[in-house]
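*Asks:* See model00.cif below, with mmCIF, C-alpha atoms.
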data_target
loop_
_atom_site.label_atom_id
_atom_site.label_comp_id
_atom_site.auth_asym_id
_atom_site.auth_seq_id
_atom_site.Cartn_x
_atom_site.Cartn_y
_atom_site.Cartn_z
CA MET A 1229 -57.91 39.42 -32.13
CA PRO A 1230 -58.10 41.10 -28.69
CA GLU A 1231 -54.92 41.92 -26.82
CA PRO A 1232 -54.05 39.62 -23.87
CA LEU A 1233 -54.90 40.99 -20.43
CA LEU A 1234 -51.30 40.58 -19.22
CA GLN A 1235 -47.99 40.44 -21.08
CA LEU A 1236 -44.61 39.82 -19.48
CA LYS A 1237 -41.60 40.55 -21.68
CA ASN A 1238 -38.08 39.46 -20.65
CA ILE A 1239 -38.59 39.88 -16.90
CA CYS A 1240 -35.37 39.60 -14.87
CA TYR A 1241 -34.92 39.82 -11.12
CA SER A 1242 -32.15 39.08 -8.59
CA TYR A 1243 -31.97 39.15 -4.80
CA HIS A 1244 -29.07 41.14 -3.39
CA SER A 1245 -27.16 40.97 -0.11
CA LEU A 1246 -23.87 42.48 1.04
CA GLN A 1247 -22.14 39.22 0.15
CA MET A 1248 -23.70 38.17 -3.14
CA GLU A 1249 -26.31 38.46 -5.86
CA THR A 1250 -28.79 35.60 -6.37
CA PRO A 1251 -30.52 35.60 -9.78
CA ALA A 1252 -34.15 34.53 -9.45
CA LEU A 1253 -35.74 35.20 -12.86
CA SER A 1254 -34.10 35.40 -16.29
CA ASN A 1255 -35.93 36.72 -19.36
CA VAL A 1256 -39.35 35.37 -18.35
CA SER A 1257 -41.92 36.07 -21.06
CA PHE A 1258 -45.55 34.92 -21.37
CA HIS A 1259 -49.08 36.29 -21.67
CA ILE A 1260 -52.51 35.63 -20.12
CA ASP A 1261 -55.73 36.21 -22.03
CA THR A 1262 -58.82 37.74 -20.45
CA GLY A 1263 -60.87 35.04 -18.71
CA GLU A 1264 -58.06 32.48 -18.95
CA PHE A 1265 -56.97 30.25 -16.05
CA VAL A 1266 -53.20 29.71 -16.26
CA ALA A 1267 -51.04 27.56 -13.96
CA ILE A 1268 -47.29 27.82 -13.38
CA VAL A 1269 -45.24 24.81 -12.27
CA GLY A 1270 -41.53 24.50 -11.61
CA PRO A 1271 -38.92 23.40 -9.06
CA SER A 1272 -39.07 24.62 -5.47
CA GLY A 1273 -37.24 27.89 -5.06
CA CYS A 1274 -37.16 28.69 -8.76
CA GLY A 1275 -38.83 32.08 -8.33
CA LYS A 1276 -42.54 31.38 -8.82
CA SER A 1277 -43.68 33.45 -5.84
CA THR A 1278 -41.21 36.18 -6.79
CA LEU A 1279 -42.86 36.30 -10.19
CA LEU A 1280 -46.31 36.74 -8.61
CA SER A 1281 -44.97 39.54 -6.41
CA ILE A 1282 -43.65 41.32 -9.50
CA ILE A 1283 -46.99 40.96 -11.30
CA ALA A 1284 -48.78 42.27 -8.21
CA GLY A 1285 -46.51 45.32 -8.12
CA LEU A 1286 -44.93 44.35 -4.77
CA LEU A 1287 -41.51 44.04 -6.44
CA SER A 1288 -40.10 45.89 -9.43
CA PRO A 1289 -38.31 43.88 -12.15
CA GLU A 1290 -34.68 44.79 -12.77
CA GLU A 1291 -35.22 44.32 -16.48
CA GLY A 1292 -38.21 43.70 -18.73
CA THR A 1293 -41.71 45.04 -19.17
CA ILE A 1294 -45.19 44.24 -17.82
CA ILE A 1295 -48.15 45.37 -19.94
CA PHE A 1296 -51.83 45.19 -19.01
CA HIS A 1297 -54.58 45.58 -21.61
CA ASN A 1298 -57.84 46.12 -19.74
CA PRO A 1299 -61.18 45.13 -21.32
CA ASP A 1300 -62.04 48.83 -21.73
CA GLY A 1301 -58.88 49.32 -23.82
CA SER A 1302 -56.96 51.20 -21.13
CA LEU A 1303 -53.43 50.30 -20.07
CA HIS A 1304 -53.66 51.23 -16.38
CA TYR A 1305 -52.70 48.67 -13.72
CA PRO A 1306 -55.85 46.70 -12.83
CA LYS A 1307 -56.96 45.69 -9.37
CA ILE A 1308 -55.06 42.59 -8.34
CA GLY A 1309 -56.51 39.92 -6.05
CA TYR A 1310 -53.80 37.94 -4.23
CA MET A 1311 -54.75 34.67 -2.49
CA LEU A 1312 -51.96 33.16 -0.40
CA GLN A 1313 -51.19 29.68 0.91
CA ARG A 1314 -53.05 30.34 4.15
CA ASP A 1315 -56.40 32.09 4.55
CA HIS A 1316 -55.12 34.75 7.02
CA LEU A 1317 -58.64 35.31 8.37
CA LEU A 1318 -58.72 37.46 11.51
CA GLU A 1319 -60.08 35.49 14.46
CA TRP A 1320 -61.52 38.56 16.22
CA ARG A 1321 -63.75 39.31 13.21
CA THR A 1322 -66.72 37.28 12.01
CA VAL A 1323 -66.63 35.52 8.65
CA TYR A 1324 -68.65 38.34 7.09
CA GLN A 1325 -66.43 41.01 8.67
CA ASN A 1326 -63.41 39.21 7.23
CA ALA A 1327 -65.03 39.07 3.80
CA ILE A 1328 -65.56 42.84 3.71
CA LEU A 1329 -62.15 43.76 5.17
CA GLY A 1330 -60.73 44.84 1.82
CA LEU A 1331 -63.79 46.95 1.13
CA GLU A 1332 -63.32 48.66 4.50
CA ILE A 1333 -59.64 49.37 3.92
CA ASN A 1334 -60.31 50.77 0.46
CA LYS A 1335 -63.34 52.78 1.65
CA MET A 1336 -65.64 50.87 -0.71
CA LEU A 1337 -68.33 49.74 1.75
CA THR A 1338 -71.23 50.63 -0.51
CA PRO A 1339 -74.57 48.79 -0.38
CA GLU A 1340 -73.86 47.41 -3.86
CA ASN A 1341 -70.52 45.93 -2.80
CA THR A 1342 -71.76 44.48 0.49
CA ASP A 1343 -74.80 42.99 -1.26
CA ARG A 1344 -72.43 41.28 -3.70
CA VAL A 1345 -70.43 39.81 -0.82
CA LEU A 1346 -73.59 38.48 0.82
CA GLN A 1347 -74.69 36.97 -2.49
CA LEU A 1348 -71.32 35.25 -2.89
CA MET A 1349 -71.68 33.84 0.61
CA LYS A 1350 -75.15 32.52 -0.28
CA ASP A 1351 -73.91 31.07 -3.58
CA TYR A 1352 -71.07 29.18 -1.92
CA ASP A 1353 -72.73 27.92 1.27
CA LEU A 1354 -71.20 30.36 3.74
CA TYR A 1355 -74.16 32.66 4.43
CA LYS A 1356 -75.41 30.72 7.46
CA PHE A 1357 -71.89 30.93 8.92
CA LYS A 1358 -71.45 34.68 8.31
CA ASP A 1359 -71.64 35.53 12.02
CA LYS A 1360 -69.28 32.73 13.08
CA LYS A 1361 -65.58 33.17 13.88
CA PRO A 1362 -62.98 31.59 11.55
CA SER A 1363 -62.09 28.93 14.14
CA GLU A 1364 -65.62 27.57 13.78
CA LEU A 1365 -65.11 26.82 10.07
CA SER A 1366 -63.47 23.87 8.35
CA GLY A 1367 -60.29 24.44 6.35
CA GLY A 1368 -62.18 24.35 3.08
CA MET A 1369 -64.76 26.85 4.28
CA LYS A 1370 -61.98 29.19 5.40
CA GLN A 1371 -60.44 29.09 1.93
CA ARG A 1372 -63.81 29.88 0.34
CA ALA A 1373 -64.19 32.81 2.75
CA ALA A 1374 -60.70 34.01 1.79
CA LEU A 1375 -61.60 33.83 -1.90
CA ILE A 1376 -64.81 35.81 -1.34
CA ARG A 1377 -62.74 38.44 0.50
CA THR A 1378 -60.46 38.56 -2.55
CA LEU A 1379 -63.35 38.76 -5.03
CA ALA A 1380 -65.12 41.48 -3.02
CA LEU A 1381 -62.87 44.14 -4.57
CA ASN A 1382 -63.76 42.90 -8.07
CA PRO A 1383 -60.13 42.40 -9.16
CA GLY A 1384 -59.18 42.28 -12.82
CA LEU A 1385 -56.63 39.50 -12.17
CA LEU A 1386 -56.46 36.82 -9.47
CA LEU A 1387 -53.06 35.59 -8.29
CA LEU A 1388 -53.21 32.26 -6.45
CA ASP A 1389 -50.02 31.28 -4.61
CA GLU A 1390 -50.52 27.59 -3.74
CA PRO A 1391 -53.83 28.39 -1.98
CA PHE A 1392 -54.64 24.71 -1.32
CA SER A 1393 -51.27 23.50 0.00
CA ALA A 1394 -52.22 23.80 3.69
CA LEU A 1395 -55.22 21.45 3.28
CA ASP A 1396 -55.29 17.68 3.61
CA TYR A 1397 -55.44 15.81 0.30
CA GLN A 1398 -59.17 15.00 0.26
CA THR A 1399 -60.14 18.54 1.30
CA ARG A 1400 -57.67 19.95 -1.23
CA LEU A 1401 -59.37 18.08 -4.09
CA THR A 1402 -62.81 19.33 -3.10
CA VAL A 1403 -61.81 22.91 -2.32
CA SER A 1404 -59.69 23.35 -5.45
CA SER A 1405 -62.65 22.16 -7.50
CA ASP A 1406 -65.02 24.54 -5.66
CA ILE A 1407 -62.73 27.54 -6.02
CA CYS A 1408 -62.07 26.84 -9.69
CA ARG A 1409 -65.84 26.70 -10.23
CA ILE A 1410 -66.28 30.04 -8.43
CA ILE A 1411 -63.53 31.69 -10.50
CA ARG A 1412 -64.90 30.40 -13.79
CA LYS A 1413 -68.49 31.34 -12.91
CA THR A 1414 -67.41 34.91 -12.13
CA GLY A 1415 -65.39 35.06 -15.38
CA LYS A 1416 -62.18 36.07 -13.62
CA THR A 1417 -58.70 35.79 -15.10
CA ALA A 1418 -56.46 33.71 -12.81
CA LEU A 1419 -52.81 32.76 -12.46
CA LEU A 1420 -52.11 29.79 -10.17
CA ILE A 1421 -48.81 28.59 -8.71
CA THR A 1422 -48.78 24.92 -7.74
CA HIS A 1423 -46.34 22.04 -7.23
CA ASP A 1424 -49.12 19.52 -7.93
CA LEU A 1425 -49.07 18.53 -11.61
CA SER A 1426 -52.46 16.83 -11.40
CA GLU A 1427 -53.95 19.98 -9.87
CA ALA A 1428 -52.48 22.13 -12.64
CA ILE A 1429 -53.84 19.86 -15.37
CA SER A 1430 -57.34 19.60 -13.87
CA LEU A 1431 -57.74 23.35 -13.19
CA ALA A 1432 -55.88 25.26 -15.90
CA ASP A 1433 -56.51 26.17 -19.52
CA ARG A 1434 -52.75 26.41 -20.05
CA ILE A 1435 -49.67 25.46 -18.03
CA ILE A 1436 -46.35 27.35 -18.03
CA ILE A 1437 -43.29 25.31 -17.02
CA LEU A 1438 -40.38 27.14 -15.41
CA SER A 1439 -36.80 25.93 -15.18
CA ARG A 1440 -34.73 25.85 -12.01
CA ARG A 1441 -33.38 29.18 -10.73
CA PRO A 1442 -32.76 31.56 -12.36
CA ALA A 1443 -36.15 30.66 -13.80
CA THR A 1444 -37.01 31.00 -17.44
CA VAL A 1445 -39.97 29.60 -19.38
CA LYS A 1446 -39.09 26.11 -20.65
CA PHE A 1447 -42.34 25.77 -22.62
CA GLU A 1448 -46.12 26.08 -22.35
CA VAL A 1449 -48.80 23.42 -22.65
CA PRO A 1450 -52.41 24.21 -23.65
CA ILE A 1451 -54.75 21.81 -21.82
CA ARG A 1452 -57.59 20.25 -23.79
CA LEU A 1453 -59.53 17.64 -21.83
CA SER A 1454 -62.80 15.88 -22.59
CA PRO A 1455 -64.29 15.00 -19.18
CA PRO A 1456 -67.90 13.82 -18.83
CA ASP A 1457 -68.66 17.14 -17.13
CA ASP A 1458 -66.84 20.42 -16.58
CA SER A 1459 -65.57 19.83 -13.04
CA PRO A 1460 -61.85 19.63 -12.13
CA LEU A 1461 -62.48 16.35 -10.31
CA ALA A 1462 -63.96 14.79 -13.43
CA SER A 1463 -61.03 16.14 -15.46
CA ARG A 1464 -58.71 13.71 -13.68
CA ASN A 1465 -60.56 10.85 -15.37
CA ALA A 1466 -60.27 12.34 -18.85
CA PRO A 1467 -58.52 10.09 -21.40
CA GLU A 1468 -55.98 12.86 -22.14
CA PHE A 1469 -55.06 13.39 -18.49
CA GLN A 1470 -52.24 10.83 -18.31
CA TYR A 1471 -50.69 12.18 -21.51
CA TYR A 1472 -50.43 15.67 -20.04
CA PHE A 1473 -49.13 14.34 -16.72
CA ASN A 1474 -46.36 12.38 -18.45
CA LEU A 1475 -45.49 15.37 -20.63
CA LEU A 1476 -45.08 17.65 -17.60
CA TRP A 1477 -43.23 15.01 -15.61
CA GLU A 1478 -40.72 14.49 -18.40
CA ALA A 1479 -40.26 18.25 -18.76
CA LEU A 1480 -39.39 18.47 -15.08
CA SER A 1481 -37.52 15.15 -14.82
CA ASP A 1482 -34.19 16.93 -14.61
CA GLU A 1483 -35.58 19.38 -12.06
CA LYS A 1484 -36.61 18.74 -8.47
CA ILE A 1485 -40.26 19.77 -8.05
#
As a first step, turn the structure in this file into structure tokens.
*Replies:*
Amino acid sequence: MPEPLLQLKNICYSYHSLQMETPALSNVSFHIDTGEFVAIVGPSGCGKSTLLSIIAGLLSPEEGTIIFHNPDGSLHYPKIGYMLQRDHLLEWRTVYQNAILGLEINKMLTPENTDRVLQLMKDYDLYKFKDKKPSELSGGMKQRAALIRTLALNPGLLLLDEPFSALDYQTRLTVSSDICRIIRKTGKTALLITHDLSEAISLADRIIILSRRPATVKFEVPIRLSPPDDSPLASRNAPEFQYYFNLLWEALSDEKI
């Protein structure tokens, strides 16, 4: 059996000030398999974004271990793609120039890489807008552009920190479905933070439930749905959907989401 792409073992982290110490994470342990889409839910302020920052290498855990097993068998830290709540597209650059920004910064503007970006824009209905400015796009199109910018560097792991929360509900449903389809088509491994239980159930292969701060893993739920097709929108009509929703709601009933 292949090793998981990512393993977290007993991760602990606290925030410190001159006055006090605030524990954020306590002995958090879980794994993510290659190609898996995992969602994390938990109360507001429980440390979900802190956990993503630790996985991304932006923060160092005070205790515990993070292990990556790359598909080639190596243990080096893979490229991480980090998609935030807002698109953070630069208004003075065109949509295409925004999409290749990471390639520019990392000095990876090769014909192969730029061709891949253009193909992604064609695949996901942004090519005809490539010379537009971000203000000329809808919210959903901006999020797709932000995802293409993230995928341009060919990351080994995608971290998604509530990337749909700034959108209105109808747009959120459509865009989350589109972005999930893009991620699955490209075979990427993804870790999503969300407060929306329905979103987690419809998008993820497995859901990790965190407790209130200092967060620890309460339990994990593998998601097995039988929708008429493979889209996240159709998943919400699956006969098993309500069971999973009730299960998660009860798990968090003593927490404030």
*Asks:* Find the spatial neighbours of range 1308-1314 of chain A, counting only C-alpha atoms, within a cut-off of 8 Å - ignore same-chain residues fewer than 2 positions away - and output them as number ranges by chain.
*Replies:* A: 1284, 1306, 1316, 1371, 1374-1375, 1378-1379, 1381, 1383-1394
*Asks:* To one decimal place, how far is CA of Ser1254 in chain A from CA of Ile1239 in chain A in Å?
*Replies:* 6.4 Å
*Asks:* Could you produce a table of the residues of range 1237-1307 of chain A lying within 10 Å of range 1463-1484 of chain A, with the nearest pair of atoms per residue and their separation in Å rounded to one decimal, using only C-alpha atoms, ordered by chain and increasing residue number, as a Markdown table?
*Replies:*
| residue | atom | partner | partner_atom | distance |
| --- | --- | --- | --- | --- |
| A:Val1269 | CA | A:Leu1476 | CA | 8.9 |
| A:Gly1270 | CA | A:Leu1480 | CA | 7.3 |
| A:Pro1271 | CA | A:Lys1484 | CA | 5.2 |
| A:Ser1272 | CA | A:Lys1484 | CA | 7.0 |
| A:Gly1273 | CA | A:Lys1484 | CA | 9.8 |
| A:Cys1274 | CA | A:Lys1484 | CA | 10.0 |
*Asks:* On this structure, which residues satisfy the PyMOL selection byres ((chain A and resi 1266) around 6), written as number ranges by chain?
*Replies:* A: 1265, 1267, 1419, 1432-1435
*Asks:* Could you tell me, as a compact mmCIF listing (two decimals) with C-alpha atoms, keeping the file's coordinate frame, exactly which residues end up selected when the PyMOL selection byres ((chain A and resi 1294) around 7) is applied to this structure?
*Replies:*
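That gives us expr_23.txt:
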# COMPACT_ATOMS: atom_id res chain seq x y z
CA GLN A 1235 -47.99 40.44 -21.08
CA LEU A 1236 -44.61 39.82 -19.48
CA LYS A 1237 -41.60 40.55 -21.68
CA THR A 1293 -41.71 45.04 -19.17
CA ILE A 1295 -48.15 45.37 -19.94
CA PHE A 1296 -51.83 45.19 -19.01
*Asks:* Given the choices A:Arg1344, A:Arg1377, A:Lys1276, A:Arg1412, which gets closest to Glu1264 in chain A if the distance is worked out from only C-alpha atoms?
*Replies:*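 The closest residue to Glu1264 in chain A is A:Arg1412.
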*Asks:* Could you tell me how far CA of Met1336 in chain A sits from CA of Gly1367 in chain A, in Å to one decimal place?
*Replies:*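 Here the two named atoms are 27.9 Å from each other.
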*Asks:* Select, from A:Val1256, A:Thr1402, A:Glu1340, A:Leu1234, the residue with the minimum atom-to-atom distance to Met1369 in chain A, counting all atoms listed in the file.
*Replies:*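 Ranking A:Val1256, A:Thr1402, A:Glu1340, A:Leu1234 by distance to Met1369 in chain A, first place goes to A:Thr1402.
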